[in-house]
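Asker: The structure's right below; bear with me while I get my questions together.
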Amino acid sequence: MINFEKRVRYAKILNPLKDFAETVVEFEYRRDPLTGRNTTVIKGMIEYIRRFLKTDESLLSSLIESTRTNCPFCPESVRSKTPMFTPDIVPEGRIENGDVVIVPNLIGHAERSVLAILSRQHHLKLNEFTPKIFLDALTAGLSYLKRLFKLEPNERFPVFVINYLPPAGSSIVHPHMQILVRESPFFLVKLLLDKSQEYYLRFRSSYWSDLLEIERGRERYLFSESGVEWLAPFAPLRGIAEVQAVVPGRSNLLELTVEELQGIAYGLSKILNFYHQESLSCFNVIILSGPLDTHLDYFDVNLRIMARPGLQGIGFTDAWALPYFLWDGEAVEEPEKLAERIKTFLSRHEDI
């Protein structure tokens with residue numbers, strides 16, 4: 001069954017910040033309960049890097065103004081500067097839902113790579129990402145998936161991705177979401193599917209159901225919103241304010257109900273409001289799905305959201321050799337402390 005394994009190791013140094021007094025440095029290694037991937041929790045690191053997480057507001061304002069004029073996603077340009085779908089997929093050329101517009105990607109990352117333009121506004125503060133924005137985007141995204149899957153049933157593996165602002169990997173400031181679909185699953189999706197199946201065959205139960213059963217009521221559990229359950233992962237993938245959500249009993253995106261889409265939308269908005277309070281400006285989201293053509297008893301739709309460094313002239317990045325080459329995770333604070341701060345924030349802002 002699920003084990004939350006961690007090992008604590010220590011190193012001694014003569015610390016120049018304490019007149020070279022002997023100091024014990026603690027390292028906590030956590031093992032992801034499903035995949036076995038290692039994550040190092042570096043206690044106190046969040047305070048050391050906090051100055052890199054804040055955005056230079058004057059630099060951001062300059063970036064917003066300099067990119068607004070030629071932005072293809074702004075309302076005055078979207079119809080003349082974005083691609084259209086071929087008539088066999090979307091006869092009307094583009095999919096629109098509220099302020100959301102879905103268009104093909106000029107330079108995609110998968111066979112079927114499209115973009116959901118999330119807002120008419122060229123830039124949004126994180127507390128301006130409303131549940132309606134996400135709900136309209138998710139609904140429009142599912143409309144695209146249904147049309148594509150009917151026409152090309154081999155395109156079975158979708159992921160929804162948000163990269164917001166350059167430090168999060170976005171080349172366009174205007175808020176947008178990528179919808180990537182291909183015949184074969186992305187590596188992380190395949191890993192989670194394979195490990196979930198192994199767990200199911202071994203224990204005759206779903207890892208995701210067991211995880212939620214264990215975490216409910218524990219310190220890492222955050223909240224439930226319209227059937228979607230939110231928590232701080234025991235072993236984060238990357239680790240700046242990373243939060244996870246699970247949709248119990250739904251193994252692919254086409255199975256999601258309107259209520260569950262609302263649960264994702266409202267949950268994302270809550271976490272982004274918390275990020276805003278923490279002076280964070282950049283973030284990534286991934287929403288992961290099993291294959292669209294079958295229901296899997298051993299896998300649940302799940303997502304991750306994490307903050308990224310702020311926009312600054314020095315160009316600090318958290319993307320370095322350890323996660324890229326060594327494939328280890330790293331968390332800059334204990335997930336339990338992050339969860340405590342999120343719950344305290346939400347308890348003080350119940351209107352969010």
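Letters A, B, ... mark the chains of the structure tokens in the order given; residue numbers begin at 1 per chain; ligand numbers begin at 1, in order shown.
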Give me the residues near A:Arg94 as a ChimeraX atom specification, where near means some atom within 7 Å (using only C-alpha atoms) and where sequence neighbours in that chain fewer than 5 positions away do not count.
Answerer: /A:84-85,101-103
Asker: From stretch 205-298 of chain A, collect each residue whose DSSP state is alpha helix (DSSP H) and return the set as a list in words.
Answerer: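 In stretch 205-298 of chain A, DSSP puts these residues in alpha helix (DSSP H): Tyr207, Trp208, Ser209, Asp210, Leu211, Leu212, Glu213, Ile214, Glu215, Val258, Glu259, Glu260, Leu261, Gln262, Gly263, Ile264, Ala265, Tyr266, Gly267, Leu268, Ser269, Lys270, Ile271, Leu272, Asn273, Phe274, Tyr275, His276 and Gln277 of chain A.
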Asker: Stretch 109-111 of chain A: which residues within 9 Å, counting only C-alpha atoms, same-chain residues fewer than 5 positions away excluded, as a list in words?
Answerer: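 Contacts, with the query itself left out: Glu155, Leu180, Val181, Arg182 and Glu183 of chain A.
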Asker: Using only N, CA, C and O atoms, please write the residues we just selected to a file, as a PDB file, in the first residue's frame.
Answerer:
ATOM      1  N   GLU A 155      -5.910   9.831 -31.883  1.00  0.00           N
ATOM      2  CA  GLU A 155      -5.345  10.926 -31.087  1.00  0.00           C
ATOM      3  C   GLU A 155      -5.981  10.865 -29.699  1.00  0.00           C
ATOM      4  O   GLU A 155      -6.964  11.537 -29.405  1.00  0.00           O
ATOM      5  N   LEU A 180      -2.477  19.950 -25.946  1.00  0.00           N
ATOM      6  CA  LEU A 180      -1.609  19.077 -26.740  1.00  0.00           C
ATOM      7  C   LEU A 180      -2.233  17.691 -26.805  1.00  0.00           C
ATOM      8  O   LEU A 180      -2.581  17.110 -25.779  1.00  0.00           O
ATOM      9  N   VAL A 181      -2.368  17.162 -28.022  1.00  0.00           N
ATOM     10  CA  VAL A 181      -2.969  15.842 -28.200  1.00  0.00           C
ATOM     11  C   VAL A 181      -2.116  15.051 -29.172  1.00  0.00           C
ATOM     12  O   VAL A 181      -1.723  15.558 -30.231  1.00  0.00           O
ATOM     13  N   ARG A 182      -1.836  13.786 -28.828  1.00  0.00           N
ATOM     14  CA  ARG A 182      -1.087  12.931 -29.748  1.00  0.00           C
ATOM     15  C   ARG A 182      -1.430  11.461 -29.519  1.00  0.00           C
ATOM     16  O   ARG A 182      -2.121  11.119 -28.557  1.00  0.00           O
ATOM     17  N   GLU A 183      -0.943  10.623 -30.405  1.00  0.00           N
ATOM     18  CA  GLU A 183      -1.267   9.190 -30.338  1.00  0.00           C
ATOM     19  C   GLU A 183      -0.609   8.507 -29.155  1.00  0.00           C
ATOM     20  O   GLU A 183      -1.175   7.586 -28.565  1.00  0.00           O
TER      21      GLU A 183
END
Asker: Quick check, in Å to one decimal: how far apart do atom CA of A:Lys132 and atom CA of A:Ser226 lie?
Answerer: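 A separation of 14.5 Å between them.
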Asker: Check stretch 3-143 of chain A with DSSP on the backbone and list each residue it calls strand (DSSP E or B), as a VMD selection string.
Answerer: chain A and resid 5 to 15 21 to 31 38 to 41 95 to 97 100 to 104 112 to 117
Asker: Name the closest residue to A:Ser58 among the candidates A:Leu311, A:Met177, A:Val114, A:Ile42; distances are taken between atoms, counting only C-alpha atoms.
Answerer: A:Leu311
Asker: Tell me which protein, DNA and RNA residues are within 9 Å of A:Lys12, counting only C-alpha atoms, leaving out same-chain ones fewer than 6 positions away, and put them as a list in words.
Answerer: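 Here the answer would be Glu22, Thr23, Val24, Val25 and Glu26 of chain A.
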Asker: Based on the selection just made, write all heavy atoms of those residues as a compact mmCIF listing (two decimals), in the first residue's frame.
Answerer:
# COMPACT_ATOMS: atom_id res chain seq x y z
N GLU A 22 30.37 25.86 14.07
CA GLU A 22 29.91 24.61 13.46
C GLU A 22 28.39 24.62 13.35
O GLU A 22 27.69 24.90 14.31
CB GLU A 22 30.37 23.41 14.29
CG GLU A 22 30.01 22.08 13.65
CD GLU A 22 30.54 20.89 14.44
OE1 GLU A 22 31.77 20.66 14.39
OE2 GLU A 22 29.72 20.22 15.11
N THR A 23 27.91 24.32 12.14
CA THR A 23 26.47 24.32 11.86
C THR A 23 26.08 23.01 11.22
O THR A 23 26.79 22.49 10.36
CB THR A 23 26.09 25.49 10.92
OG1 THR A 23 26.50 26.73 11.52
CG2 THR A 23 24.59 25.51 10.66
N VAL A 24 24.94 22.46 11.61
CA VAL A 24 24.43 21.23 11.03
C VAL A 24 23.39 21.59 9.97
O VAL A 24 22.43 22.31 10.24
CB VAL A 24 23.80 20.32 12.11
CG1 VAL A 24 23.19 19.08 11.46
CG2 VAL A 24 24.85 19.92 13.15
N VAL A 25 23.61 21.10 8.77
CA VAL A 25 22.69 21.32 7.65
C VAL A 25 21.89 20.04 7.42
O VAL A 25 22.46 18.95 7.34
CB VAL A 25 23.45 21.70 6.36
CG1 VAL A 25 22.47 22.00 5.23
CG2 VAL A 25 24.36 22.91 6.62
N GLU A 26 20.58 20.17 7.33
CA GLU A 26 19.70 19.01 7.21
C GLU A 26 19.20 18.84 5.78
O GLU A 26 18.83 19.80 5.11
CB GLU A 26 18.50 19.18 8.15
CG GLU A 26 17.52 18.01 8.13
CD GLU A 26 16.39 18.19 9.12
OE1 GLU A 26 16.68 18.61 10.27
OE2 GLU A 26 15.23 17.92 8.75
Asker: Which residue is closest to A:Leu296? Choose from A:Glu152, A:Glu350, A:Glu334, A:Glu255 and count only C-alpha atoms.
Answerer: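 Smallest separation from A:Leu296 among the options: A:Glu255.
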Asker: Taking 6 positions as the minimum chain separation for residues in the same chain, which residues sit within 12 Å of A:Lys81 when counting only C-alpha atoms? Answer as a list in words.
Answerer: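 Within the cut-off, the hits are Asn70, Cys71, Pro72, Phe73, Cys74, Pro75, Val103, Pro104, Asn105 and Leu106 of chain A.
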Asker: With a distance cut-off of 10 Å and only C-alpha atoms, select the neighbouring residues of A:Ile162, excluding the residue or stretch itself and same-chain residues fewer than 5 positions from it, and output the selection as a list in words.
Answerer: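 In the requested format, the answer is Leu115, Ala116, Ala168, Gly169, Ser170, Pro175, His176, Met177, Gln178, Ile179, Phe283, Asn284, Val285, Ile286, Ile287 and Ile305 of chain A.
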Asker: Please dump the current selection as a PDB file, in the first residue's frame; keep N, CA, C and O atoms.
Answerer:
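Output saved as again29.pdb:
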ATOM      1  N   LEU A 115      -4.224  26.282 -29.143  1.00  0.00           N
ATOM      2  CA  LEU A 115      -4.127  27.259 -28.076  1.00  0.00           C
ATOM      3  C   LEU A 115      -5.506  27.761 -27.697  1.00  0.00           C
ATOM      4  O   LEU A 115      -6.328  28.059 -28.569  1.00  0.00           O
ATOM      5  N   ALA A 116      -5.744  27.887 -26.410  1.00  0.00           N
ATOM      6  CA  ALA A 116      -6.949  28.535 -25.914  1.00  0.00           C
ATOM      7  C   ALA A 116      -6.550  29.905 -25.390  1.00  0.00           C
ATOM      8  O   ALA A 116      -5.821  30.014 -24.398  1.00  0.00           O
ATOM      9  N   ALA A 168       7.996  31.281 -16.803  1.00  0.00           N
ATOM     10  CA  ALA A 168       7.301  29.989 -16.833  1.00  0.00           C
ATOM     11  C   ALA A 168       7.354  29.345 -18.210  1.00  0.00           C
ATOM     12  O   ALA A 168       6.706  28.325 -18.439  1.00  0.00           O
ATOM     13  N   GLY A 169       8.118  29.938 -19.131  1.00  0.00           N
ATOM     14  CA  GLY A 169       8.318  29.332 -20.441  1.00  0.00           C
ATOM     15  C   GLY A 169       7.423  29.865 -21.536  1.00  0.00           C
ATOM     16  O   GLY A 169       7.377  29.286 -22.629  1.00  0.00           O
ATOM     17  N   SER A 170       6.713  30.952 -21.287  1.00  0.00           N
ATOM     18  CA  SER A 170       5.812  31.493 -22.299  1.00  0.00           C
ATOM     19  C   SER A 170       6.516  32.544 -23.145  1.00  0.00           C
ATOM     20  O   SER A 170       7.156  33.455 -22.622  1.00  0.00           O
ATOM     21  N   PRO A 175      -2.496  35.882 -21.720  1.00  0.00           N
ATOM     22  CA  PRO A 175      -2.841  34.605 -21.072  1.00  0.00           C
ATOM     23  C   PRO A 175      -3.417  33.588 -22.064  1.00  0.00           C
ATOM     24  O   PRO A 175      -4.356  33.894 -22.809  1.00  0.00           O
ATOM     25  N   HIS A 176      -2.855  32.408 -22.054  1.00  0.00           N
ATOM     26  CA  HIS A 176      -3.329  31.350 -22.945  1.00  0.00           C
ATOM     27  C   HIS A 176      -3.015  29.980 -22.361  1.00  0.00           C
ATOM     28  O   HIS A 176      -2.186  29.845 -21.460  1.00  0.00           O
ATOM     29  N   MET A 177      -3.702  28.971 -22.864  1.00  0.00           N
ATOM     30  CA  MET A 177      -3.503  27.585 -22.442  1.00  0.00           C
ATOM     31  C   MET A 177      -3.219  26.737 -23.673  1.00  0.00           C
ATOM     32  O   MET A 177      -3.867  26.902 -24.709  1.00  0.00           O
ATOM     33  N   GLN A 178      -2.263  25.833 -23.564  1.00  0.00           N
ATOM     34  CA  GLN A 178      -1.966  24.915 -24.656  1.00  0.00           C
ATOM     35  C   GLN A 178      -2.731  23.606 -24.460  1.00  0.00           C
ATOM     36  O   GLN A 178      -2.800  23.083 -23.344  1.00  0.00           O
ATOM     37  N   ILE A 179      -3.294  23.116 -25.531  1.00  0.00           N
ATOM     38  CA  ILE A 179      -3.950  21.810 -25.540  1.00  0.00           C
ATOM     39  C   ILE A 179      -3.162  20.938 -26.498  1.00  0.00           C
ATOM     40  O   ILE A 179      -3.133  21.189 -27.713  1.00  0.00           O
ATOM     41  N   PHE A 283       3.430  31.191 -13.273  1.00  0.00           N
ATOM     42  CA  PHE A 283       3.047  29.847 -12.849  1.00  0.00           C
ATOM     43  C   PHE A 283       2.920  28.914 -14.044  1.00  0.00           C
ATOM     44  O   PHE A 283       2.818  29.338 -15.194  1.00  0.00           O
ATOM     45  N   ASN A 284       2.922  27.616 -13.733  1.00  0.00           N
ATOM     46  CA  ASN A 284       2.652  26.553 -14.701  1.00  0.00           C
ATOM     47  C   ASN A 284       1.532  25.665 -14.185  1.00  0.00           C
ATOM     48  O   ASN A 284       1.404  25.450 -12.975  1.00  0.00           O
ATOM     49  N   VAL A 285       0.735  25.148 -15.103  1.00  0.00           N
ATOM     50  CA  VAL A 285      -0.302  24.170 -14.789  1.00  0.00           C
ATOM     51  C   VAL A 285      -0.215  23.033 -15.799  1.00  0.00           C
ATOM     52  O   VAL A 285       0.035  23.272 -16.991  1.00  0.00           O
ATOM     53  N   ILE A 286      -0.393  21.796 -15.334  1.00  0.00           N
ATOM     54  CA  ILE A 286      -0.604  20.668 -16.242  1.00  0.00           C
ATOM     55  C   ILE A 286      -1.836  19.899 -15.766  1.00  0.00           C
ATOM     56  O   ILE A 286      -2.012  19.676 -14.574  1.00  0.00           O
ATOM     57  N   ILE A 287      -2.700  19.554 -16.709  1.00  0.00           N
ATOM     58  CA  ILE A 287      -3.858  18.706 -16.428  1.00  0.00           C
ATOM     59  C   ILE A 287      -3.678  17.431 -17.235  1.00  0.00           C
ATOM     60  O   ILE A 287      -3.558  17.474 -18.464  1.00  0.00           O
ATOM     61  N   ILE A 305      -0.146  22.437 -10.215  1.00  0.00           N
ATOM     62  CA  ILE A 305       0.120  23.847 -10.427  1.00  0.00           C
ATOM     63  C   ILE A 305       1.297  24.233  -9.551  1.00  0.00           C
ATOM     64  O   ILE A 305       1.399  23.779  -8.405  1.00  0.00           O
TER      65      ILE A 305
END
